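Trainee: Input file: final_1.txt. Contents: compact mmCIF, C-alpha atoms.
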# COMPACT_ATOMS: atom_id res chain seq x y z
CA MET D 1 -9.22 24.42 8.36
CA SER D 2 -8.02 25.55 11.75
CA GLY D 3 -10.14 27.21 14.39
CA SER D 4 -13.91 27.18 14.47
CA PRO D 5 -15.72 27.46 11.12
CA LEU D 6 -17.22 30.72 12.24
CA GLN D 7 -13.83 32.14 13.03
CA THR D 8 -12.40 30.99 9.71
CA ARG D 9 -15.27 32.55 7.84
CA LEU D 10 -15.02 35.81 9.71
CA SER D 11 -11.35 35.99 8.85
CA LEU D 12 -11.94 35.12 5.20
CA VAL D 13 -14.71 37.62 4.68
CA ALA D 14 -12.82 40.29 6.61
CA GLU D 15 -10.20 40.73 3.89
CA GLY D 16 -10.89 44.03 2.08
CA THR D 17 -11.42 42.83 -1.49
CA ARG D 18 -13.41 39.77 -0.49
CA PHE D 19 -15.57 41.91 1.75
CA ARG D 20 -16.41 44.07 -1.27
CA ILE D 21 -17.17 41.02 -3.39
CA VAL D 22 -19.49 39.66 -0.72
CA GLU D 23 -21.19 43.03 -0.37
CA ARG D 24 -21.77 43.08 -4.12
CA LEU D 25 -23.09 39.50 -4.15
CA ARG D 26 -25.55 40.38 -1.40
CA GLU D 27 -27.40 42.40 -4.04
CA GLY D 28 -27.69 39.38 -6.30
CA GLU D 29 -25.69 36.88 -8.31
CA CYS D 30 -22.88 38.16 -10.52
CA SER D 31 -20.55 36.91 -13.20
CA VAL D 32 -16.83 37.44 -12.86
CA GLY D 33 -17.13 40.16 -15.49
CA ASP D 34 -19.81 41.99 -13.50
CA LEU D 35 -17.59 41.98 -10.45
CA VAL D 36 -14.59 43.22 -12.46
CA ASP D 37 -16.69 46.10 -13.80
CA HIS D 38 -18.39 47.06 -10.58
CA LEU D 39 -15.45 46.78 -8.24
CA ASP D 40 -12.78 48.12 -10.56
CA LEU D 41 -10.49 45.15 -10.04
CA ASP D 42 -8.69 43.00 -12.57
CA GLN D 43 -9.98 39.60 -13.48
CA PRO D 44 -7.19 37.45 -11.97
CA GLN D 45 -7.72 39.20 -8.63
CA VAL D 46 -11.46 38.64 -8.68
CA SER D 47 -11.05 35.00 -9.73
CA ARG D 48 -8.52 34.32 -7.00
CA HIS D 49 -10.76 35.75 -4.28
CA LEU D 50 -13.81 33.93 -5.64
CA LYS D 51 -11.89 30.68 -5.49
CA ILE D 52 -11.04 31.31 -1.82
CA LEU D 53 -14.68 32.08 -1.05
CA HIS D 54 -15.79 29.03 -2.99
CA ASP D 55 -13.32 26.74 -1.22
CA ALA D 56 -14.68 27.99 2.11
CA ASN D 57 -18.18 27.10 0.96
CA LEU D 58 -19.32 30.70 1.14
CA VAL D 59 -20.32 31.09 -2.51
CA ALA D 60 -21.98 28.87 -5.09
CA VAL D 61 -21.20 28.88 -8.78
CA ARG D 62 -23.19 27.84 -11.84
CA ARG D 63 -22.35 27.93 -15.53
CA GLU D 64 -24.30 29.90 -18.07
CA GLY D 65 -22.70 29.28 -21.44
CA GLN D 66 -19.16 30.56 -21.16
CA ARG D 67 -19.84 32.53 -18.04
CA ARG D 68 -19.58 31.48 -14.44
CA ILE D 69 -22.21 33.04 -12.22
CA TYR D 70 -21.51 33.39 -8.51
CA SER D 71 -23.96 33.78 -5.65
CA LEU D 72 -23.77 33.75 -1.86
CA LYS D 73 -24.68 30.54 -0.09
CA PRO D 74 -27.25 31.46 2.54
CA ASN D 75 -26.39 29.08 5.37
CA PRO D 76 -22.92 30.24 6.39
CA PHE D 77 -24.07 33.84 6.29
CA ARG D 78 -27.10 33.00 8.34
CA GLU D 79 -24.74 31.56 10.91
CA LEU D 80 -22.76 34.80 10.97
CA SER D 81 -25.97 36.74 11.22
CA GLU D 82 -27.23 34.63 14.11
CA TRP D 83 -23.99 35.21 15.91
CA PHE D 84 -24.56 38.94 15.45
CA ASP D 85 -28.15 38.50 16.65
CA THR D 86 -27.04 37.15 20.00
CA PHE D 87 -25.84 40.67 20.79
CA GLY D 88 -29.22 42.06 19.80
CA ARG D 89 -30.92 39.60 22.13
CA VAL D 90 -28.71 40.68 25.02
CA TRP D 91 -29.82 44.24 24.44
CA GLU D 92 -33.49 43.31 24.19
CA GLU D 93 -33.32 41.57 27.49
CA ARG D 94 -31.35 44.41 29.00
CA MET D 95 -33.94 46.95 27.91
CA ASP D 96 -36.69 44.85 29.50
CA ALA D 97 -34.67 44.79 32.70
CA LEU D 98 -34.12 48.54 32.58
CA ASP D 99 -37.79 49.21 32.05
CA GLU D 100 -38.76 46.90 34.87
CA TYR D 101 -36.18 48.43 37.14
CA LEU D 102 -37.42 51.94 36.40
CA GLN D 103 -40.98 50.90 37.14
CA ASP D 104 -40.03 49.18 40.40
CA THR D 105 -38.03 52.14 41.65
CA ASN D 106 -40.81 54.48 40.62
CA ASP D 107 -43.15 52.56 42.93
CA GLU D 108 -40.59 52.88 45.69
CA GLN D 109 -40.61 56.62 45.22
CA GLY D 110 -44.38 56.73 45.59
CA GLY D 111 -45.14 56.96 41.90
CA ASP D 112 -43.73 60.34 41.01
CA LYS D 113 -43.90 61.49 37.41
CA MET R 1 -45.89 46.49 27.04
CA ASN R 2 -43.18 48.29 25.17
CA GLN R 3 -41.16 46.47 22.57
CA THR R 4 -37.52 46.80 21.80
CA ARG R 5 -36.66 47.37 18.18
CA VAL R 6 -33.33 46.04 17.00
CA THR R 7 -32.01 47.13 13.62
CA LYS R 8 -28.99 45.45 12.08
CA ARG R 9 -26.67 47.30 9.77
CA PRO R 10 -24.08 44.69 8.85
CA GLU R 11 -22.37 46.98 6.34
CA SER R 12 -21.33 49.34 9.12
CA ARG R 13 -21.25 46.59 11.79
CA GLU R 14 -23.88 48.42 13.79
CA LEU R 15 -26.76 47.31 15.91
CA ILE R 16 -29.31 49.95 16.76
CA ILE R 17 -31.58 49.33 19.71
CA GLU R 18 -34.64 51.47 20.34
CA ARG R 19 -36.97 51.29 23.27
CA LEU R 20 -39.56 53.42 25.02
CA VAL R 21 -39.45 53.31 28.80
CA SER R 22 -41.92 54.86 31.17
CA ALA R 23 -39.70 57.16 33.18
CA PRO R 24 -38.38 60.67 32.71
CA ARG R 25 -34.95 60.77 31.13
CA GLU R 26 -33.32 62.11 34.29
CA ARG R 27 -34.18 58.84 35.99
CA VAL R 28 -32.99 56.81 33.02
CA TRP R 29 -29.73 58.76 33.11
CA VAL R 30 -29.27 57.97 36.79
CA ALA R 31 -30.03 54.30 36.14
CA TRP R 32 -27.22 54.32 33.59
CA THR R 33 -24.60 56.33 35.39
CA GLU R 34 -24.71 55.35 39.06
CA PRO R 35 -23.16 52.06 40.15
CA GLU R 36 -25.84 51.01 42.62
CA HIS R 37 -28.50 51.52 39.96
CA ILE R 38 -26.88 50.01 36.90
CA ALA R 39 -25.84 46.91 38.84
CA ARG R 40 -29.50 46.10 39.31
CA TRP R 41 -30.43 45.81 35.63
CA TRP R 42 -27.31 45.62 33.44
CA GLY R 43 -26.54 41.92 33.64
CA PRO R 44 -28.55 39.12 32.07
CA PHE R 45 -31.20 37.38 34.15
CA ALA R 46 -29.61 35.14 36.81
CA TRP R 47 -26.28 36.92 36.47
CA THR R 48 -24.93 39.32 39.05
CA THR R 49 -23.33 42.57 38.01
CA THR R 50 -20.66 44.03 40.26
CA VAL R 51 -19.38 47.52 39.55
CA HIS R 52 -15.75 47.98 40.58
CA GLU R 53 -15.26 51.50 39.32
CA MET R 54 -17.51 54.01 37.64
CA GLU R 55 -16.27 57.45 36.86
CA VAL R 56 -18.70 59.07 34.46
CA ARG R 57 -16.64 61.79 32.80
CA PRO R 58 -14.82 61.95 29.46
CA GLY R 59 -11.88 59.55 29.76
CA GLY R 60 -13.27 58.03 32.97
CA ARG R 61 -13.56 54.27 33.36
CA TRP R 62 -16.31 51.85 34.20
CA ARG R 63 -15.13 48.42 35.29
CA TYR R 64 -17.64 45.65 35.98
CA THR R 65 -17.93 41.91 36.26
CA LEU R 66 -20.82 39.67 35.30
CA ALA R 67 -20.99 36.40 37.22
CA PRO R 68 -23.48 33.58 36.70
CA ASP R 69 -25.54 33.03 39.85
CA ASP R 70 -25.37 29.25 39.52
CA GLY R 71 -21.57 29.35 39.32
CA MET R 72 -21.66 27.45 36.05
CA GLY R 73 -19.43 29.43 33.78
CA ASP R 74 -16.79 32.06 33.91
CA THR R 75 -17.06 35.56 35.16
CA VAL R 76 -17.00 38.06 32.32
CA ARG R 77 -15.08 41.28 32.83
CA GLY R 78 -16.06 44.49 31.12
CA LEU R 79 -14.12 47.71 30.83
CA ALA R 80 -15.70 50.79 29.34
CA VAL R 81 -14.08 54.18 28.80
CA TYR R 82 -16.43 57.13 28.58
CA ASP R 83 -16.10 59.59 25.77
CA GLN R 84 -18.99 62.06 25.71
CA VAL R 85 -20.97 62.69 28.85
CA ASP R 86 -23.85 65.05 28.32
CA ALA R 87 -26.45 64.57 31.07
CA PRO R 88 -29.26 63.67 30.70
CA THR R 89 -29.32 63.18 26.95
CA ARG R 90 -26.22 61.56 25.55
CA LEU R 91 -23.54 59.18 26.75
CA THR R 92 -20.89 57.57 24.58
CA TYR R 93 -18.31 55.04 25.62
CA VAL R 94 -16.16 52.25 24.25
CA ASP R 95 -16.92 48.92 25.90
CA HIS R 96 -14.42 46.03 25.87
CA PHE R 97 -13.95 42.61 27.31
CA ALA R 98 -11.12 42.77 29.80
CA ASP R 99 -8.57 40.18 30.83
CA SER R 100 -7.76 39.27 34.42
CA ALA R 101 -5.49 42.31 34.72
CA TRP R 102 -8.31 44.57 33.49
CA GLU R 103 -6.53 45.18 30.22
CA PRO R 104 -8.90 45.54 27.27
CA VAL R 105 -8.91 42.54 24.94
CA THR R 106 -7.75 43.49 21.45
CA GLY R 107 -10.55 43.47 18.94
CA SER R 108 -13.34 43.41 21.50
CA ALA R 109 -14.09 47.14 21.42
CA VAL R 110 -17.71 48.10 20.92
CA ASN R 111 -18.41 51.79 20.41
CA THR R 112 -21.64 52.57 22.19
CA THR R 113 -23.85 55.62 22.09
CA VAL R 114 -26.78 56.01 24.44
CA GLY R 115 -29.30 58.68 23.49
CA LEU R 116 -32.19 59.67 25.75
CA ASP R 117 -35.02 61.64 24.31
CA GLY R 118 -38.04 62.26 26.44
CA ASN R 119 -41.14 64.13 27.28
CA ASN R 120 -44.14 63.65 29.58
CA GLY R 121 -42.46 61.03 31.69
CA THR R 122 -41.63 58.72 28.79
CA THR R 123 -38.14 58.32 27.41
CA LYS R 124 -37.03 56.97 24.09
CA VAL R 125 -33.75 55.15 24.57
CA THR R 126 -31.67 54.76 21.42
CA ILE R 127 -28.48 52.75 21.64
CA THR R 128 -26.07 52.43 18.78
CA THR R 129 -23.36 49.81 19.11
CA ARG R 130 -20.64 49.57 16.51
CA PHE R 131 -18.47 46.49 16.54
CA SER R 132 -14.82 46.29 15.63
CA ARG R 133 -13.70 45.52 12.13
CA PRO R 134 -14.29 41.88 11.17
CA GLU R 135 -10.58 41.09 11.31
CA ASP R 136 -10.47 42.36 14.89
CA LEU R 137 -13.52 40.34 15.81
CA ALA R 138 -11.86 37.28 14.34
CA ARG R 139 -8.83 37.93 16.51
CA ALA R 140 -10.93 38.39 19.63
CA GLU R 141 -12.60 35.11 18.88
CA GLN R 142 -9.24 33.42 18.57
CA MET R 143 -8.66 34.34 22.17
CA GLY R 144 -11.73 32.39 23.06
CA LEU R 145 -13.48 35.29 24.67
CA VAL R 146 -16.17 35.95 22.17
CA GLU R 147 -16.83 32.25 22.00
CA GLY R 148 -17.03 32.17 25.79
CA LEU R 149 -19.63 34.87 25.66
CA GLY R 150 -21.45 32.94 22.96
CA GLU R 151 -21.73 30.00 25.33
CA ALA R 152 -22.96 32.26 28.07
CA LEU R 153 -25.59 33.52 25.69
CA VAL R 154 -26.73 30.04 24.79
CA ARG R 155 -27.25 29.35 28.47
CA LEU R 156 -28.99 32.66 28.75
CA GLY R 157 -31.27 31.67 25.87
CA ARG R 158 -32.59 28.84 28.02
CA PHE R 159 -33.66 31.30 30.68
CA CYS R 160 -35.32 33.49 28.12
CA GLY R 161 -37.58 30.71 26.88
CA GLU R 162 -35.62 29.92 23.73
CA ARG R 163 -37.88 32.10 21.71
CA GLU R 164 -36.73 31.75 18.17
CA SER R 165 -33.63 29.61 18.25
CA THR R 166 -35.18 26.73 16.34
CA GLN R 167 -37.13 28.74 13.81
CA GLU R 168 -34.56 29.28 11.13
CA THR R 169 -31.80 26.82 11.72
CA LYS R 170 -32.83 23.42 10.51
CA GLU R 171 -33.05 23.61 6.75
CA LYS R 172 -30.28 22.01 4.81
As a first step, turn the structure in this file into structure tokens.
Mentor:
Amino acid sequence: MSGSPLQTRLSLVAEGTRFRIVERLREGECSVGDLVDHLDLDQPQVSRHLKILHDANLVAVRREGQRRIYSLKPNPFRELSEWFDTFGRVWEERMDALDEYLQDTNDEQGGDK
Amino acid sequence: MNQTRVTKRPESRELIIERLVSAPRERVWVAWTEPEHIARWWGPFAWTTTVHEMEVRPGGRWRYTLAPDDGMGDTVRGLAVYDQVDAPTRLTYVDHFADSAWEPVTGSAVNTTVGLDGNNGTTKVTITTRFSRPEDLARAEQMGLVEGLGEALVRLGRFCGERESTQETKEK
């Protein structure tokens, strides 16, 4: 893999069909057949994308009789989510700073309403 | 003390930030739209914000730099282009990272809406930020800029007391 793992994962999940598969898997584990039905894709397409996601360690698979059941692996997605969270933290801090600033300047103005 | 509420909507790549501040919305508007005011709160703690241009009108630009006070780390350049300007209630703009020539970095666009809703000297600030498509984000990261910001944020986390950084990570 080239680039940082985060970057690779972002790129992999960004692809339209895979994004839809991941969105579907967020609701719970699915067999290939479930994904074919729900996403209106053909089976070779779904299998190919699942293989890519599996190779990137983004999904786990288990067998149930003849069926293969796929689910999201939590850790890589947590990493993506934490990356997203950093932006939330910036805004939290910024809002604290804004509030403080407004209070300080209010004092300067002699406490108007 | 008022709390900020952050809501994530990954499906639409949105972060929604809500906060009550104790000031009438006219003052919050001024804090957001005048260079000498915004420079005093926009940047992270121990970073200095310098506003190079701020023309608050549809199509007008806001150019700023964020520089770490300890000199450890690169200056970050921001370029925002205003879209809707409706004082004192609603401001929308597209914020980008900018390169050294002040050109916006592809894929770094963040659509931002600031809504101010107030009465009796209290204002509810609602900010909606919508990130670029994941493929654009991936491209921005390739250019090292998002990663650079990530590093800046890690350093920032130290200042902020490293609240939750260890809570969820270590479970293999």
Trainee: Rounded to one decimal place, report the atom CA of Arg94 of chain D-atom CA of Ser12 of chain R distance in Å.
Mentor: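 Distance between the two atoms: 22.8 Å.
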Trainee: Up to 12 Å from (-8.0, 37.5, 39.0) in the file's coordinates: name the residues, counting only C-alpha atoms, as a count of residues only.
Mentor: 11
Trainee: So, counting only C-alpha atoms, which residue among D:Ala56, D:Leu25, D:Leu98, D:Asp104 is closest to chain R?
Mentor: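 Residue with the minimum atom-to-atom distance to chain R: D:Leu98.
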Trainee: Mind listing whatever residues come within 10 Å of the point (-21.1, 38.5, 31.3)? Use all atoms listed in the file, file coordinates, and give them as a VMD selection string.
Mentor: chain R and resid 42 to 44 47 to 49 64 to 68 73 to 78 97 148 to 149 152 to 153
Trainee: Any chance you could export the current selection's C-alpha atoms as an mmCIF file, in the coordinates of the input?
Mentor:
data_model
loop_
_atom_site.group_PDB
_atom_site.id
_atom_site.type_symbol
_atom_site.label_atom_id
_atom_site.label_comp_id
_atom_site.auth_asym_id
_atom_site.auth_seq_id
_atom_site.Cartn_x
_atom_site.Cartn_y
_atom_site.Cartn_z
ATOM 1 C CA TRP R 42 -27.310 45.620 33.440
ATOM 2 C CA GLY R 43 -26.540 41.920 33.640
ATOM 3 C CA PRO R 44 -28.550 39.120 32.070
ATOM 4 C CA TRP R 47 -26.280 36.920 36.470
ATOM 5 C CA THR R 48 -24.930 39.320 39.050
ATOM 6 C CA THR R 49 -23.330 42.570 38.010
ATOM 7 C CA TYR R 64 -17.640 45.650 35.980
ATOM 8 C CA THR R 65 -17.930 41.910 36.260
ATOM 9 C CA LEU R 66 -20.820 39.670 35.300
ATOM 10 C CA ALA R 67 -20.990 36.400 37.220
ATOM 11 C CA PRO R 68 -23.480 33.580 36.700
ATOM 12 C CA GLY R 73 -19.430 29.430 33.780
ATOM 13 C CA ASP R 74 -16.790 32.060 33.910
ATOM 14 C CA THR R 75 -17.060 35.560 35.160
ATOM 15 C CA VAL R 76 -17.000 38.060 32.320
ATOM 16 C CA ARG R 77 -15.080 41.280 32.830
ATOM 17 C CA GLY R 78 -16.060 44.490 31.120
ATOM 18 C CA PHE R 97 -13.950 42.610 27.310
ATOM 19 C CA GLY R 148 -17.030 32.170 25.790
ATOM 20 C CA LEU R 149 -19.630 34.870 25.660
ATOM 21 C CA ALA R 152 -22.960 32.260 28.070
ATOM 22 C CA LEU R 153 -25.590 33.520 25.690
#
Trainee: Enter the distance from atom CA of Gly60 of chain R to atom CA of Val28 of chain R, in Å, rounded to one decimal.
Mentor: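 So the answer is 19.8 Å.
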Trainee: Find the residues near Ile16 of chain R: any atom within 9 Å, counting all atoms listed in the file, skip ones fewer than 4 places away on the same chain, and give them as a list of chain:residue names.
Mentor: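 Skipping anything fewer than 4 positions along the chain leaves D:Gly88, R:Arg5, R:Val6, R:Thr7, R:Lys8, R:Arg9, R:Thr126, R:Ile127, R:Thr128, R:Thr129, R:Arg130.
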Trainee: Would you mind reading off the distance between atom CA of Val94 of chain R and atom CA of Val114 of chain R, one decimal, in Å?
Mentor: 11.3 Å
Trainee: Given the choices R:Val85, R:Leu116, R:Met72, R:Val125, which gets closest to chain D if the distance is worked out from all atoms listed in the file?
Mentor: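 Result for the nearest residue to chain D: R:Val125.
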Trainee: Name the closest residue to Ser108 of chain R among the candidates R:Thr50, R:Thr122, R:Thr89, R:Ser132; distances are taken between atoms, counting all atoms listed in the file.
Mentor: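 Of R:Thr50, R:Thr122, R:Thr89, R:Ser132, the one nearest Ser108 of chain R is R:Ser132, counting all atoms listed in the file.
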Trainee: Which of these residues is nearest to Thr17 of chain D, using all atoms listed in the file: D:Leu58, D:His49, D:Gln66, D:Thr86?
Mentor: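 The shortest atom-to-atom distance to Thr17 of chain D comes from D:His49.
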